[in-house]
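Colleague: Would you mind keeping the following structure in view while I ask a few things?
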2 protein chains.
Amino acid sequence: MPQSKIRNMEEFATVSGISRPTISKYFNDPSSVRQSTRQRIETALEEYDYRPNFYAINQNRRLTKNIGIVVPYISDPFFAEIARVIERRCIEAGFTPTLFSSHGEQAHENDILDTLRSIKPAGVLLAPLGRSSDKSAIETFCRNVPTVLFDSNIEGMGEAFVGSDNFSFVSQTVEYLDRTGEAPTFFEMRYPANPNANKRRNAYISMMERLGLTPEIIRVDGTGWAFEEIGRQGALKAIDDDLVPTNTILCSNDRLAIGFLSACYEKGIKVGRTSDATLRVASHDDHPFSRFTCPSLTTAAHDYAAVSDNAVETLFRLIEGGGRLENREETLFPARLIMRDSA
Amino acid sequence: MPQSKIRNMEEFATVSGISRPTISKYFNDPSSVRQSTRQRIETALEEYDYRPNFYAINQNRRLTKNIGIVVPYISDPFFAEIARVIERRCIEAGFTPTLFSSHGEQAHENDILDTLRSIKPAGVLLAPLGRSSDKSAIETFCRNVPTVLFDSNIEGMGEAFVGSDNFSFVSQTVEYLDRTGEAPTFFEMRYPANPNANKRRNAYISMMERLGLTPEIIRVDGTGWAFEEIGRQGALKAIDDDLVPTNTILCSNDRLAIGFLSACYEKGIKVGRTSDATLRVASHDDHPFSRFTCPSLTTAAHDYAAVSDNAVETLFRLIEGGGRLENREETLFPARLIMRDSA
DNA sequence: GCTTAAATTTAACGCGCGTAAAATTTTACT
DNA sequence: AGTAAAATTTTACGCGCGTTAAATTTAAGC
């Protein structure tokens, strides 16, 4: 029979026969108390199932154990997946992560930063919106809260950036496509939301030049985060207007490619590397759905685990170092080429 | 020049020339103070950009303004999308929502419930894991925290359930498929994670019987939340073993269908409603990606907006009512048939 | 200008726990 | 058994704000 509810740490200290400061110490770090008292506390814990008040805990702590994770768009499974991995790492390290999504809107991103400041997190892992971020708001935030940027870099902001090496992505896909057939035309949004897109375009251009080839770029209209639809509309238009100069397309990212493939199917264009196919399509990101496209998508994969681990590890180092790093660190991980059926 | 940082409400009260209790009142409800003082506060707010300490605010409040949103699997864009809408509604109503994902694991779901209790939310919107939920943990939680269940119903738990009417989904797809061609074989997981799956199967059986037809069901192996892969493997096996008794397939949900279509493409089976197609595939949910499958997926759509709005509205009513409702409410919304190219 | 109601100010307490310092107990080791 | 180090207990303060009650000011109506 669970005794009358424990109201606070004082009461729990009484029923467990241990002083409150020791209980407090235990909750901050179970290994900081003697083994025997730890046992007694944990025994009592089972019987009374008490948990310290979350607000009181953080009210008067120098540093909370909270970590904010901010992604630009949680409905994108790519971000959902990376957030999931990061979240797990934080929990394992004894922190309390809270997940936020900017939903593609600057105003929302700013609100989240405001909220985060009031939560006084030990640190923040921030994947900014990118082009539509309020740079000055982010800069101010980063000055006040130990922050590691990931996915999208914004020059000079945050104590560190952890992401993927866009050149590694594009160089591998371009080289592969070139070796196995015609070199690709690059397919992207005219005004991409994400700075990685610009890096990828530049990487494409320089790779093509390195191969002695002429870069060809299709830029499609549309703004926002509905990339699949933008890719689909753009592809339909490109096909109708006969704007595809090669038999090979390299999309800036998988979500555009998903839309592109959808348009090809609709138009009866057979995509793939088989002899009956007329178009090859490849892309970048290894989006969780890219293995289920028709045909399955050849793409360059992020090293999810490495990015997540390194971002979290960097943040922990930052927190332990008092919120500042010697120099701003930039860590980029290479891609892994995933050869599937689309190219 | 932003003056020296405001450290607390006392300081902000001083610089704004208003007493602290009035400032406090303002932050709890801006409309509760006189228009003129509200102006003065907001003017000062612009100059000093002060925000009350989140922890102190909630420490001593009878009821926090926090709302917990729990989904079983945030990497599923379906849940990401509904969470996004719900989140927005909560913010508009002046609450502070926090999003959690159980990541498909019972242990994680239980941890979240524990965390939520310590956060003392005004209310919780919970989409439980379903079959793998720890029923007794959820029951205990719901007794202590005002909770509205959504998506997956668990009989008797929470003060209300808001979701979709599975019979409406299945009856529409079955009827449509039957009217336009052969009646469908039902394709599902042998041990579905979600109770909606069972309701859908039963609805399929009763609809088929109502039409005087024999229900045919393909049950595929596999557990967990990688539905696309499970659907794909199951479809490959069904095709290879020639287990598909009809030329029409109705998948329990879109994610299975995405995998199914992927398998068909791989096997060279032309899916669709055109004369050259040999198989029709339809499904349920109107997953955000289902318009981009090849061919685009005919499916039954959730009324996202209605479910979100009603769930939130019910929760607010519950909160205002002191955390209890007269009777447990169950609200189901009908589906809308989305006719695309796959069937 | 007077009366009242409404809003604000003043004053003060408490929430639950972090934290610090000093006193005490327990443990480890000679 | 004796000693020093480590762990725990005692005591006490403070965090920032919610909240209340009484005193005071302001606004609204006549």
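Here, A, B, ... name the chains of the structure tokens in the order displayed, residue numbers run from 1 inside each chain, and ligands are numbered from 1 in the same displayed order.
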Please write out chain B, superposed on chain A by least squares over all C-alpha atoms matched in order, as a short mmCIF file (atom, residue, chain, number, x, y, z; two decimals) with C-alpha atoms, in the first residue's frame.

Modeller:
data_model
loop_
_atom_site.label_atom_id
_atom_site.label_comp_id
_atom_site.auth_asym_id
_atom_site.auth_seq_id
_atom_site.Cartn_x
_atom_site.Cartn_y
_atom_site.Cartn_z
CA MET B 1 -0.07 -0.08 -0.29
CA PRO B 2 1.55 3.17 -1.31
CA GLN B 3 1.60 5.34 1.77
CA SER B 4 0.12 8.80 1.78
CA LYS B 5 1.59 10.80 -1.07
CA ILE B 6 4.97 12.35 -0.56
CA ARG B 7 4.62 16.07 -1.01
CA ASN B 8 8.22 17.18 -1.06
CA MET B 9 11.81 16.24 -0.44
CA GLU B 10 11.49 16.98 3.25
CA GLU B 11 8.79 14.37 3.62
CA PHE B 12 10.68 11.89 1.52
CA ALA B 13 13.74 12.49 3.67
CA THR B 14 11.71 11.73 6.77
CA VAL B 15 10.20 8.49 5.51
CA SER B 16 13.48 7.27 4.10
CA GLY B 17 15.37 8.16 7.26
CA ILE B 18 17.94 10.28 5.48
CA SER B 19 18.56 13.98 5.70
CA ARG B 20 17.25 16.24 2.99
CA PRO B 21 20.61 17.60 1.79
CA THR B 22 21.81 14.05 1.24
CA ILE B 23 18.68 13.24 -0.71
CA SER B 24 19.28 16.36 -2.74
CA LYS B 25 22.84 15.27 -3.34
CA TYR B 26 21.62 11.87 -4.45
CA PHE B 27 19.28 13.30 -7.05
CA ASN B 28 22.00 15.48 -8.45
CA ASP B 29 24.38 12.58 -8.71
CA PRO B 30 23.52 9.18 -7.28
CA SER B 31 27.16 8.17 -7.20
CA SER B 32 28.04 11.05 -4.93
CA VAL B 33 26.58 9.37 -1.86
CA ARG B 34 27.80 6.31 -0.01
CA GLN B 35 26.73 3.01 -1.51
CA SER B 36 24.78 2.00 1.57
CA THR B 37 22.79 5.24 1.74
CA ARG B 38 22.19 5.05 -1.98
CA GLN B 39 20.63 1.67 -1.42
CA ARG B 40 18.43 2.99 1.36
CA ILE B 41 17.28 5.87 -0.81
CA GLU B 42 16.53 3.65 -3.75
CA THR B 43 14.61 1.24 -1.60
CA ALA B 44 12.51 4.07 -0.24
CA LEU B 45 12.13 5.38 -3.77
CA GLU B 46 10.53 2.16 -4.86
CA GLU B 47 8.05 2.25 -2.07
CA TYR B 48 7.06 5.89 -2.29
CA ASP B 49 7.82 6.79 -5.92
CA TYR B 50 8.77 10.35 -5.21
CA ARG B 51 10.21 12.73 -7.79
CA PRO B 52 11.67 16.13 -6.99
CA ASN B 53 9.66 19.08 -8.21
CA PHE B 54 11.01 20.03 -11.59
CA TYR B 55 10.57 23.75 -11.09
CA ALA B 56 12.03 23.90 -7.61
CA ILE B 57 15.04 21.93 -8.78
CA ASN B 58 15.88 24.35 -11.50
CA GLN B 59 14.84 27.47 -9.72
CA ASN B 60 17.94 27.77 -7.68
CA ARG B 61 20.51 25.80 -9.57
CA ARG B 62 23.53 27.53 -11.00
CA LEU B 63 23.11 25.50 -14.12
CA THR B 64 20.10 23.46 -15.09
CA LYS B 65 20.43 20.01 -16.57
CA ASN B 66 18.17 20.97 -19.43
CA ILE B 67 19.15 20.96 -23.05
CA GLY B 68 17.19 22.53 -25.86
CA ILE B 69 17.08 20.85 -29.24
CA VAL B 70 15.78 23.01 -32.05
CA VAL B 71 15.10 21.78 -35.56
CA PRO B 72 13.71 23.85 -38.42
CA TYR B 73 10.98 21.44 -39.41
CA ILE B 74 10.01 18.42 -37.35
CA SER B 75 7.62 17.06 -39.97
CA ASP B 76 10.65 16.33 -42.09
CA PRO B 77 11.60 12.80 -41.02
CA PHE B 78 15.22 13.66 -41.58
CA PHE B 79 15.12 16.14 -38.71
CA ALA B 80 12.82 13.97 -36.65
CA GLU B 81 15.34 11.19 -36.92
CA ILE B 82 18.38 13.22 -36.00
CA ALA B 83 16.49 14.83 -33.15
CA ARG B 84 15.60 11.40 -31.87
CA VAL B 85 19.21 10.28 -31.78
CA ILE B 86 20.37 13.49 -30.14
CA GLU B 87 17.63 13.28 -27.58
CA ARG B 88 18.69 9.81 -26.60
CA ARG B 89 22.29 10.83 -26.15
CA CYS B 90 21.28 13.70 -23.90
CA ILE B 91 19.14 11.48 -21.71
CA GLU B 92 21.92 8.94 -21.40
CA ALA B 93 24.18 11.72 -20.17
CA GLY B 94 21.69 12.66 -17.47
CA PHE B 95 20.27 15.73 -19.15
CA THR B 96 16.66 16.61 -19.82
CA PRO B 97 16.27 17.46 -23.48
CA THR B 98 13.34 19.42 -24.83
CA LEU B 99 12.52 19.35 -28.50
CA PHE B 100 11.38 22.36 -30.47
CA SER B 101 10.50 22.83 -34.11
CA SER B 102 10.54 26.18 -35.84
CA HIS B 103 8.02 24.89 -38.37
CA GLY B 104 9.83 26.79 -41.07
CA GLU B 105 8.90 30.20 -39.68
CA GLN B 106 11.23 32.92 -38.54
CA ALA B 107 8.75 34.21 -35.98
CA HIS B 108 8.45 30.78 -34.48
CA GLU B 109 12.19 30.31 -34.37
CA ASN B 110 12.51 33.58 -32.51
CA ASP B 111 9.78 32.59 -30.07
CA ILE B 112 11.61 29.37 -29.37
CA LEU B 113 14.84 31.21 -28.67
CA ASP B 114 12.94 33.45 -26.27
CA THR B 115 11.39 30.49 -24.54
CA LEU B 116 14.74 28.79 -24.33
CA ARG B 117 16.33 31.75 -22.66
CA SER B 118 13.70 31.69 -19.96
CA ILE B 119 14.37 28.00 -19.43
CA LYS B 120 18.04 28.72 -18.81
CA PRO B 121 19.26 25.56 -20.45
CA ALA B 122 22.74 24.25 -19.81
CA GLY B 123 23.13 24.23 -23.57
CA VAL B 124 21.30 24.27 -26.85
CA LEU B 125 21.66 22.27 -30.03
CA LEU B 126 20.32 24.47 -32.76
CA ALA B 127 19.62 23.64 -36.38
CA PRO B 128 18.63 27.07 -37.66
CA LEU B 129 16.16 27.75 -40.42
CA GLY B 130 18.96 29.09 -42.51
CA ARG B 131 18.15 31.71 -45.06
CA SER B 132 15.03 32.82 -43.26
CA SER B 133 16.59 32.90 -39.82
CA ASP B 134 16.74 36.20 -38.00
CA LYS B 135 20.52 36.39 -37.89
CA SER B 136 20.71 39.06 -35.24
CA ALA B 137 18.28 37.21 -32.98
CA ILE B 138 20.37 34.08 -33.28
CA GLU B 139 23.56 35.96 -32.66
CA THR B 140 22.17 37.55 -29.50
CA PHE B 141 20.89 34.20 -28.33
CA CYS B 142 24.20 32.46 -28.90
CA ARG B 143 25.98 35.10 -26.89
CA ASN B 144 23.74 34.37 -23.91
CA VAL B 145 23.33 30.60 -24.13
CA PRO B 146 25.98 27.98 -24.87
CA THR B 147 24.97 26.84 -28.31
CA VAL B 148 26.17 24.31 -30.82
CA LEU B 149 24.80 24.71 -34.32
CA PHE B 150 24.11 21.68 -36.43
CA ASP B 151 22.90 20.88 -39.92
CA SER B 152 22.92 24.49 -41.13
CA ASN B 153 25.96 26.58 -40.47
CA ILE B 154 25.68 30.31 -39.92
CA GLU B 155 29.11 31.81 -40.09
CA GLY B 156 30.48 32.78 -36.72
CA MET B 157 27.42 31.97 -34.66
CA GLY B 158 27.39 29.52 -31.83
CA GLU B 159 30.49 28.08 -30.26
CA ALA B 160 30.67 25.26 -32.77
CA PHE B 161 29.10 23.81 -35.85
CA VAL B 162 28.65 20.13 -36.56
CA GLY B 163 27.31 18.99 -39.87
CA SER B 164 27.96 17.19 -43.07
CA ASP B 165 30.53 17.99 -45.67
CA ASN B 166 28.49 19.05 -48.67
CA PHE B 167 31.45 18.73 -50.99
CA SER B 168 31.84 15.11 -49.96
CA PHE B 169 28.19 14.52 -50.80
CA VAL B 170 28.22 16.10 -54.20
CA SER B 171 31.65 14.95 -55.28
CA GLN B 172 30.71 11.34 -54.67
CA THR B 173 27.39 11.49 -56.48
CA VAL B 174 28.77 13.46 -59.42
CA GLU B 175 31.76 11.21 -59.78
CA TYR B 176 29.65 8.08 -59.55
CA LEU B 177 27.15 9.35 -62.10
CA ASP B 178 29.89 10.44 -64.43
CA ARG B 179 31.69 7.11 -64.26
CA THR B 180 28.56 5.10 -64.88
CA GLY B 181 26.95 7.23 -67.55
CA GLU B 182 26.28 10.77 -68.45
CA ALA B 183 27.26 13.47 -65.98
CA PRO B 184 24.27 14.99 -64.19
CA THR B 185 22.26 18.15 -64.49
CA PHE B 186 21.78 19.72 -61.08
CA PHE B 187 18.20 20.21 -59.90
CA GLU B 188 17.51 22.65 -57.10
CA MET B 189 15.26 25.36 -55.75
CA ARG B 190 15.88 28.82 -57.03
CA TYR B 191 15.78 30.23 -53.50
CA PRO B 192 16.70 27.37 -51.23
CA ALA B 193 15.79 27.70 -47.57
CA ASN B 194 18.94 26.03 -46.42
CA PRO B 195 22.54 27.19 -46.82
CA ASN B 196 23.62 23.62 -47.54
CA ALA B 197 21.90 23.97 -50.88
CA ASN B 198 24.25 26.73 -51.93
CA LYS B 199 27.27 24.71 -50.88
CA ARG B 200 25.97 21.77 -52.86
CA ARG B 201 25.44 23.81 -56.00
CA ASN B 202 28.94 25.23 -55.76
CA ALA B 203 30.34 21.77 -55.16
CA TYR B 204 28.50 20.55 -58.24
CA ILE B 205 29.89 23.33 -60.38
CA SER B 206 33.43 22.80 -59.22
CA MET B 207 33.21 19.05 -59.63
CA MET B 208 31.90 19.40 -63.15
CA GLU B 209 34.67 21.81 -64.02
CA ARG B 210 37.21 19.51 -62.52
CA LEU B 211 35.89 16.81 -64.85
CA GLY B 212 36.15 19.17 -67.77
CA LEU B 213 32.39 19.29 -68.19
CA THR B 214 29.85 22.06 -68.40
CA PRO B 215 27.62 22.42 -65.35
CA GLU B 216 23.92 22.47 -66.11
CA ILE B 217 21.49 23.65 -63.49
CA ILE B 218 17.72 23.59 -63.34
CA ARG B 219 16.36 26.02 -60.79
CA VAL B 220 12.75 25.63 -59.82
CA ASP B 221 10.40 28.11 -58.27
CA GLY B 222 8.62 27.79 -54.97
CA THR B 223 9.32 28.72 -51.41
CA GLY B 224 8.64 27.14 -48.06
CA TRP B 225 9.25 23.63 -46.81
CA ALA B 226 6.98 21.60 -49.07
CA PHE B 227 10.00 20.37 -50.99
CA GLU B 228 8.37 17.32 -52.48
CA GLU B 229 5.63 19.37 -54.07
CA ILE B 230 8.12 21.98 -55.24
CA GLY B 231 10.24 19.23 -56.76
CA ARG B 232 7.25 17.67 -58.41
CA GLN B 233 5.96 20.90 -59.93
CA GLY B 234 9.44 21.87 -61.03
CA ALA B 235 10.01 18.51 -62.64
CA LEU B 236 6.68 18.59 -64.46
CA LYS B 237 7.52 21.99 -65.81
CA ALA B 238 11.05 20.99 -66.77
CA ILE B 239 9.77 17.91 -68.55
CA ASP B 240 6.99 19.73 -70.36
CA ASP B 241 9.28 22.54 -71.43
CA ASP B 242 11.96 20.03 -72.40
CA LEU B 243 14.51 21.72 -70.15
CA VAL B 244 16.39 18.58 -69.18
CA PRO B 245 19.60 18.61 -71.19
CA THR B 246 20.98 15.29 -69.97
CA ASN B 247 19.69 11.83 -69.17
CA THR B 248 20.92 12.18 -65.60
CA ILE B 249 19.57 14.40 -62.84
CA LEU B 250 21.17 15.14 -59.51
CA CYS B 251 18.76 16.67 -57.05
CA SER B 252 20.01 18.94 -54.33
CA ASN B 253 18.22 16.86 -51.72
CA ASP B 254 16.09 13.76 -51.39
CA ARG B 255 12.83 15.53 -50.77
CA LEU B 256 13.11 17.32 -54.09
CA ALA B 257 14.02 13.99 -55.63
CA ILE B 258 10.93 12.35 -54.19
CA GLY B 259 8.85 14.96 -55.95
CA PHE B 260 10.92 14.60 -59.09
CA LEU B 261 10.41 10.84 -59.23
CA SER B 262 6.72 11.33 -58.63
CA ALA B 263 6.55 13.64 -61.63
CA CYS B 264 8.51 11.22 -63.79
CA TYR B 265 6.16 8.41 -62.93
CA GLU B 266 3.20 10.59 -63.73
CA LYS B 267 4.74 11.50 -67.07
CA GLY B 268 5.56 7.90 -67.89
CA ILE B 269 9.27 8.49 -67.79
CA LYS B 270 11.08 5.37 -66.76
CA VAL B 271 13.79 6.18 -64.25
CA GLY B 272 16.69 3.93 -63.37
CA ARG B 273 19.91 2.34 -64.53
CA THR B 274 18.38 -0.43 -66.56
CA SER B 275 18.44 -0.36 -70.34
CA ASP B 276 14.75 0.47 -70.66
CA ALA B 277 15.09 3.55 -68.47
CA THR B 278 15.54 6.95 -70.05
CA LEU B 279 16.53 8.97 -67.05
CA ARG B 280 18.71 8.52 -64.02
CA VAL B 281 17.98 10.43 -60.80
CA ALA B 282 20.23 10.70 -57.79
CA SER B 283 20.22 12.89 -54.76
CA HIS B 284 21.60 13.73 -51.32
CA ASP B 285 20.61 13.08 -47.69
CA ASP B 286 19.43 9.47 -47.53
CA HIS B 287 16.09 10.59 -46.27
CA PRO B 288 14.30 7.84 -44.33
CA PHE B 289 11.87 7.40 -47.23
CA SER B 290 14.37 7.34 -50.03
CA ARG B 291 14.65 3.56 -50.02
CA PHE B 292 10.93 3.35 -50.74
CA THR B 293 10.71 5.61 -53.73
CA CYS B 294 10.06 4.08 -57.15
CA PRO B 295 12.68 3.28 -58.11
CA SER B 296 14.59 3.34 -54.86
CA LEU B 297 16.77 6.41 -54.68
CA THR B 298 20.50 6.46 -55.19
CA THR B 299 21.75 9.07 -52.79
CA ALA B 300 24.53 10.21 -50.50
CA ALA B 301 23.89 9.45 -46.86
CA HIS B 302 24.57 11.61 -43.86
CA ASP B 303 26.46 9.94 -41.10
CA TYR B 304 23.55 10.49 -38.69
CA ALA B 305 25.28 8.82 -35.82
CA ALA B 306 28.54 10.70 -36.21
CA VAL B 307 26.82 14.07 -36.55
CA SER B 308 24.58 13.41 -33.56
CA ASP B 309 27.34 12.04 -31.39
CA ASN B 310 29.74 14.77 -32.24
CA ALA B 311 27.19 17.53 -31.78
CA VAL B 312 26.23 16.22 -28.38
CA GLU B 313 29.81 15.56 -27.36
CA THR B 314 30.79 19.06 -28.40
CA LEU B 315 27.93 20.53 -26.43
CA PHE B 316 28.92 18.61 -23.31
CA ARG B 317 32.47 19.80 -23.68
CA LEU B 318 31.16 23.31 -24.10
CA ILE B 319 29.00 23.04 -20.99
CA GLU B 320 31.85 21.68 -18.92
CA GLY B 321 34.08 24.40 -20.21
CA GLY B 322 31.75 27.03 -18.81
CA GLY B 323 29.95 27.84 -22.02
CA ARG B 324 32.87 29.01 -24.11
CA LEU B 325 35.25 27.25 -26.44
CA GLU B 326 38.75 28.39 -27.30
CA ASN B 327 37.92 28.81 -30.94
CA ARG B 328 34.77 28.22 -32.86
CA GLU B 329 34.91 24.64 -34.06
CA GLU B 330 33.58 23.40 -37.35
CA THR B 331 33.27 19.66 -37.79
CA LEU B 332 32.11 18.17 -41.05
CA PHE B 333 31.45 14.52 -41.71
CA PRO B 334 31.73 12.93 -45.12
CA ALA B 335 28.89 11.25 -46.95
CA ARG B 336 28.48 7.62 -47.82
CA LEU B 337 27.25 6.84 -51.30
CA ILE B 338 24.13 4.67 -51.26
CA MET B 339 23.70 2.97 -54.59
CA ARG B 340 20.13 2.00 -55.23
CA ASP B 341 18.07 1.66 -58.37
CA SER B 342 17.35 5.20 -59.54
CA ALA B 343 20.86 5.81 -60.87
#

Colleague: If you take only C-alpha atoms (C1' of nucleotides) and a cut-off of 12 Å, which residues of chain C touch chain B, and what are their nearest atom pairs and distances in Å to one decimal, in chain and number order, as a tab-separated table?

Modeller:
residue	atom	partner	partner_atom	distance
C:DA6	C1'	B:Arg34	CA	9.5
C:DA7	C1'	B:Arg34	CA	7.0
C:DT8	C1'	B:Thr22	CA	7.1
C:DT9	C1'	B:Ser19	CA	6.4
C:DT10	C1'	B:Ser19	CA	8.9
C:DA11	C1'	B:Pro21	CA	11.3
C:DG14	C1'	B:Asn60	CA	8.5
C:DC15	C1'	B:Asn60	CA	5.0
C:DG16	C1'	B:Gln59	CA	7.8
C:DC17	C1'	B:Gln59	CA	10.4

Colleague: Quick one: pick out all alpha helix (DSSP H) residues within segment 215-252 of chain A from a backbone DSSP run and write them as an NGL selection string.

Modeller: :A and (227-240)

Colleague: State, in Å with one decimal place, the distance from atom C1' of DC2 of chain C to atom C1' of DC30 of chain D.

Modeller: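 The value is 9.0 Å.
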
Colleague: Which residues of chain D come within 12 Å of chain A, and for each one, what is the closest pair of atoms and their distance in Å to one decimal, counting only C-alpha atoms (C1' of nucleotides), sorted by chain and residue number, as a tab-separated table?

Modeller:
residue	atom	partner	partner_atom	distance
D:DA6	C1'	A:Arg34	CA	9.5
D:DA7	C1'	A:Arg34	CA	7.0
D:DT8	C1'	A:Thr22	CA	7.1
D:DT9	C1'	A:Ser19	CA	6.3
D:DT10	C1'	A:Ser19	CA	9.0
D:DT11	C1'	A:Pro21	CA	11.3
D:DG14	C1'	A:Asn60	CA	8.4
D:DC15	C1'	A:Asn60	CA	5.0
D:DG16	C1'	A:Gln59	CA	7.7
D:DC17	C1'	A:Gln59	CA	10.4

Colleague: Restrict the selected residues to N, CA and C atoms (P, O5', C5', C4', C3', O3' and C1' of nucleotides) and save them as a tab-separated table (two decimals), in the first residue's frame.

Modeller:
chain	number	residue	atom	x	y	z
D	6	DA	P	39.54	12.30	1.79
D	6	DA	O5'	38.09	11.70	1.99
D	6	DA	C5'	37.91	10.31	2.18
D	6	DA	C4'	36.48	10.03	2.56
D	6	DA	C3'	35.45	10.79	1.72
D	6	DA	O3'	34.48	9.88	1.25
D	6	DA	C1'	35.02	11.11	4.03
D	7	DA	P	33.32	10.33	0.25
D	7	DA	O5'	32.06	10.31	1.22
D	7	DA	C5'	31.80	9.16	2.00
D	7	DA	C4'	30.74	9.48	3.02
D	7	DA	C3'	29.50	10.17	2.44
D	7	DA	O3'	28.37	9.36	2.73
D	7	DA	C1'	30.26	11.30	4.39
D	8	DT	P	26.91	9.82	2.29
D	8	DT	O5'	26.38	10.54	3.60
D	8	DT	C5'	26.30	9.81	4.82
D	8	DT	C4'	25.90	10.75	5.92
D	8	DT	C3'	24.59	11.48	5.71
D	8	DT	O3'	23.67	11.06	6.69
D	8	DT	C1'	26.27	12.94	6.54
D	9	DT	P	22.18	11.65	6.72
D	9	DT	O5'	22.36	12.80	7.80
D	9	DT	C5'	22.75	12.48	9.12
D	9	DT	C4'	22.85	13.74	9.94
D	9	DT	C3'	21.58	14.59	9.99
D	9	DT	O3'	21.28	14.88	11.35
D	9	DT	C1'	23.44	15.93	9.39
D	10	DT	P	19.86	15.48	11.72
D	10	DT	O5'	20.23	16.96	12.17
D	10	DT	C5'	21.56	17.25	12.50
D	10	DT	C4'	21.76	18.73	12.77
D	10	DT	C3'	20.52	19.62	12.80
D	10	DT	O3'	20.62	20.51	13.89
D	10	DT	C1'	22.06	20.42	11.18
D	11	DT	P	19.41	21.46	14.29
D	11	DT	O5'	19.79	22.80	13.52
D	11	DT	C5'	21.13	23.31	13.60
D	11	DT	C4'	21.29	24.48	12.67
D	11	DT	C3'	20.04	25.35	12.51
D	11	DT	O3'	20.38	26.68	12.85
D	11	DT	C1'	21.02	24.86	10.40
D	14	DG	P	19.48	35.69	2.92
D	14	DG	O5'	19.27	35.19	1.43
D	14	DG	C5'	20.33	34.54	0.75
D	14	DG	C4'	19.80	33.89	-0.50
D	14	DG	C3'	18.73	34.73	-1.21
D	14	DG	O3'	19.03	34.76	-2.59
D	14	DG	C1'	17.90	32.57	-0.80
D	15	DC	P	18.50	35.91	-3.52
D	15	DC	O5'	18.08	35.15	-4.84
D	15	DC	C5'	18.85	34.06	-5.34
D	15	DC	C4'	17.92	33.13	-6.07
D	15	DC	C3'	16.78	33.85	-6.76
D	15	DC	O3'	17.08	33.95	-8.15
D	15	DC	C1'	16.02	31.88	-5.59
D	16	DG	P	17.02	35.39	-8.83
D	16	DG	O5'	15.51	35.43	-9.29
D	16	DG	C5'	15.03	34.42	-10.15
D	16	DG	C4'	13.53	34.37	-10.05
D	16	DG	C3'	12.84	35.72	-10.22
D	16	DG	O3'	11.99	35.64	-11.33
D	16	DG	C1'	11.99	34.53	-8.34
D	17	DC	P	11.01	36.76	-11.77
D	17	DC	O5'	9.67	36.22	-11.14
D	17	DC	C5'	9.22	34.92	-11.53
D	17	DC	C4'	8.15	34.45	-10.59
D	17	DC	C3'	6.87	35.28	-10.60
D	17	DC	O3'	5.81	34.46	-11.01
D	17	DC	C1'	7.55	34.76	-8.39

Colleague: Residues near DC13 of chain D, anyone? I mean within 12 Å using only C-alpha atoms (C1' of nucleotides), not counting same-chain ones fewer than 5 positions away, as a PyMOL selection string.

Modeller: chain C and resi 18-21

Colleague: Skipping near chain neighbours, those fewer than 6 positions away, what residues fall within 12 Å of DA5 of chain D using only C-alpha atoms (C1' of nucleotides), listed as a PDB file with N, CA and C atoms (P, O5', C5', C4', C3', O3' and C1' of nucleotides), in the first residue's frame?

Modeller:
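That gives us out_5.pdb:
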ATOM      1  P    DT C  26      26.997   6.998  13.500  1.00  0.00           P
ATOM      2  O5'  DT C  26      27.913   6.662  12.248  1.00  0.00           O
ATOM      3  C5'  DT C  26      27.405   6.883  10.941  1.00  0.00           C
ATOM      4  C4'  DT C  26      28.520   6.697   9.928  1.00  0.00           C
ATOM      5  C3'  DT C  26      29.173   5.309   9.932  1.00  0.00           C
ATOM      6  O3'  DT C  26      29.009   4.740   8.648  1.00  0.00           O
ATOM      7  C1'  DT C  26      30.808   7.030   9.882  1.00  0.00           C
ATOM      8  P    DT C  27      29.429   3.231   8.396  1.00  0.00           P
ATOM      9  O5'  DT C  27      30.899   3.388   7.792  1.00  0.00           O
ATOM     10  C5'  DT C  27      31.071   4.063   6.545  1.00  0.00           C
ATOM     11  C4'  DT C  27      32.553   4.290   6.301  1.00  0.00           C
ATOM     12  C3'  DT C  27      33.400   3.012   6.269  1.00  0.00           C
ATOM     13  O3'  DT C  27      33.914   2.852   4.951  1.00  0.00           O
ATOM     14  C1'  DT C  27      34.444   4.758   7.518  1.00  0.00           C
ATOM     15  P    DA C  28      34.745   1.570   4.544  1.00  0.00           P
ATOM     16  O5'  DA C  28      36.234   2.115   4.673  1.00  0.00           O
ATOM     17  C5'  DA C  28      36.573   3.363   4.067  1.00  0.00           C
ATOM     18  C4'  DA C  28      38.034   3.686   4.337  1.00  0.00           C
ATOM     19  C3'  DA C  28      38.967   2.481   4.254  1.00  0.00           C
ATOM     20  O3'  DA C  28      40.180   2.892   3.625  1.00  0.00           O
ATOM     21  C1'  DA C  28      39.131   3.443   6.405  1.00  0.00           C
ATOM     22  P    DC C  29      41.257   1.781   3.182  1.00  0.00           P
ATOM     23  O5'  DC C  29      42.499   2.136   4.100  1.00  0.00           O
ATOM     24  C5'  DC C  29      42.700   3.495   4.533  1.00  0.00           C
ATOM     25  C4'  DC C  29      43.625   3.520   5.726  1.00  0.00           C
ATOM     26  C3'  DC C  29      44.600   2.336   5.829  1.00  0.00           C
ATOM     27  O3'  DC C  29      45.917   2.830   5.971  1.00  0.00           O
ATOM     28  C1'  DC C  29      43.516   2.689   7.889  1.00  0.00           C
TER      29       DC C  29
END
